[in-house]
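Data first, discussion second: the structure below is written as structure tokens.
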Amino acid sequence: MVSTLFARQERHAISRRADDLAQFSSVLVSRELRADRRAAQMIAGSPALEASIDEPRFRTLGLRFLTGEPLWRTVSVSDQAGVRLIDIPRPISGKPGGRVVELASHARTVRTGQAQVGSIIRGPAGRPAFAVRAPVLRDGRVLYVVSIVVDPGELGRLLALAKAPKDWSITLIDDAGRIVARSDRPQSAGQSASEPLLSAARASLRTAKPVERDTLMVMAQPVADTAWIVVTALPASLYARPMTQGVSILVLVGLSTLLVALLLARLARRELAAQRAQLTRDLSAQRLEALGQMTGGVAHDFNNLLTPIIAGLDILARRLGGEPRNAKLALAALESAERAKGLIQRLLSFARRQDLAARNIDVGQLLTDLTPLLEQSVGGAVRVSVQLHDQPLYVHIDPTQLELALLNLAINARDAMPDGGELRVCGDMALGRSEDGLKSGRYARVSLSDTGVGMNEETPGRATEPFFTTKPIGKGTGLGLSMVHGLAAQSGGALTVHSAVGQGTTGSPMAKAGRRPRTRTGPQRRARDRPGDQGAAGRRRSDGAGGHGRLA
């Protein structure tokens, strides 16, 4: 009985994980394709594509987009019949003109007047690619079709983010039954999927359950707004193994004494509990990774939208130089767009896509320099005490971003102590633990502990989610701890938050320990060591974020 129950639970856990991997990958792929469709629609709305095409102006626009999207190979414009009029940066087939390579999606775009994602094919150069198309509409008529030729390599990297177990595979299949990307075989892009895999995937879509075909167990999920599907496949023997093992254990239990049977049952329960705990940790890590990817996708979309806005406002401000009143309005709009770009940088920090100027620094020296600004930021009602490590403590990180992260934590600690209190800052060395999501090794840690109101049990687990805040509306953005988490993760470490109601909160960003920095003299000295320049610590910068008491 115990063995049968164990086997069923194991099979259910495998099915659930296969479904989670397919759903996770489907969401990431859908997000990426949606971003490409929006970009194609934005290009199609360009004033350069009127009844007569302004080719020089459109080429400038297309090259600007290709520079920001390294996986876009070509931006093309074709007429209703599919004849290519413009190919950027160079003709697809080596010479101007000619018909689009994949006509089916082009015809759907003309017929429906909606953006479409085409099937993957191998182009004239033999490389696999797919097209994202958007119609150029004028007075309800389709004049042209804008096509973006995309390398499927990015989609393959998205599938790899799911971290499928060994012998498992995650495959993205288009509407024509061809492989767009595969987690374990990137070179298979453009090939036809096997018939057993396709038939099992279609059956799984109909029943919403895993399906066995030949030697495979398959779970499929659709990709939103397309006819594409994501398929998780694993050996059928792996799926059947728990039942076989259960029968074997049942026979052994029947032949054993009562003591042996009780011992086996206990071991089975312990093993099941351990596997469930591991599965829970894996799913939590995948969800947080997915949240980071989605956040990066959102920031990526906003960045695409802001690029032409900022460029247009900058041109408009220069042209209105002789009209002070209008120029002032244009500059105000440009300043707001730049602030929006700053928000995007915070999101990219959480998503680990921010460029860091990392170098080896002395944590003790950084805390010594930063202490006056910490005391000024928290106010006179909060006493700041700094405790440094006995030995020099070096870390490889962006010092400006680290200072900003510590200021965010300090300001949030101040908000958690409305009646005053103590903020203890401690720099020390710590060993990595798997519970904190760290690999084994030595890490430099800076801990900020307050004596504030603290958090309940659920809040620390959600503290690093972007836009999650326990502060009143208008008092915090919810991006502070997300930024600190992103900086720590991008620097090879992690952020830990420990708190209890009425007992204060401790936030500890950790990063891989570094080496002693080289001595710099003359022009190579840090900007903070030059007279009249206090670096990031001398500038009163903070976005009011952190993780103490009330979350910003």
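Naming works like this for the structure tokens: A, B, ... for the chains as they're shown, residue 1 at the start of each chain, ligands 1 onward in shown order.
The environment of A:Ala511 within 6 Å, counting only C-alpha atoms and disregarding residues fewer than 6 places along the same chain, consists of Tyr443, Ala444, Ala488, Ser491, Gly492 and Gly493 of chain A.
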Can you list every residue in stretch 120-199 of chain A that DSSP puts in helix (DSSP H, G or I), as a list of chain:residue names?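 Going through stretch 120-199 of chain A, the helix (DSSP H, G or I) residues come out as A:Gly153, A:Glu154, A:Leu155, A:Gly156, A:Arg157, A:Leu158, A:Leu159, A:Ala160, A:Pro186, A:Gln187, A:Ser188, A:Glu195, A:Pro196, A:Leu197, A:Leu198, A:Ser199.
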Using only C-alpha atoms, pick whichever of A:Leu259, A:Val29, A:Val110, A:Leu21 has the shortest atom-to-atom distance to A:Leu234.
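Residue with the minimum atom-to-atom distance to A:Leu234: A:Leu21.
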A:Val142 proximity check over A:Asp79, A:Glu102, A:Glu457, A:Asp87, using only C-alpha atoms: winner is A:Asp79
Inset, instruction - With a distance cut-off of 7 Å and only C-alpha atoms, select the neighbouring residues of A:Ala181, excluding the residue or stretch itself and same-chain residues fewer than 6 positions from it, and output the selection as a ChimeraX atom specification. - result: /A:152,155-156,171-172,189
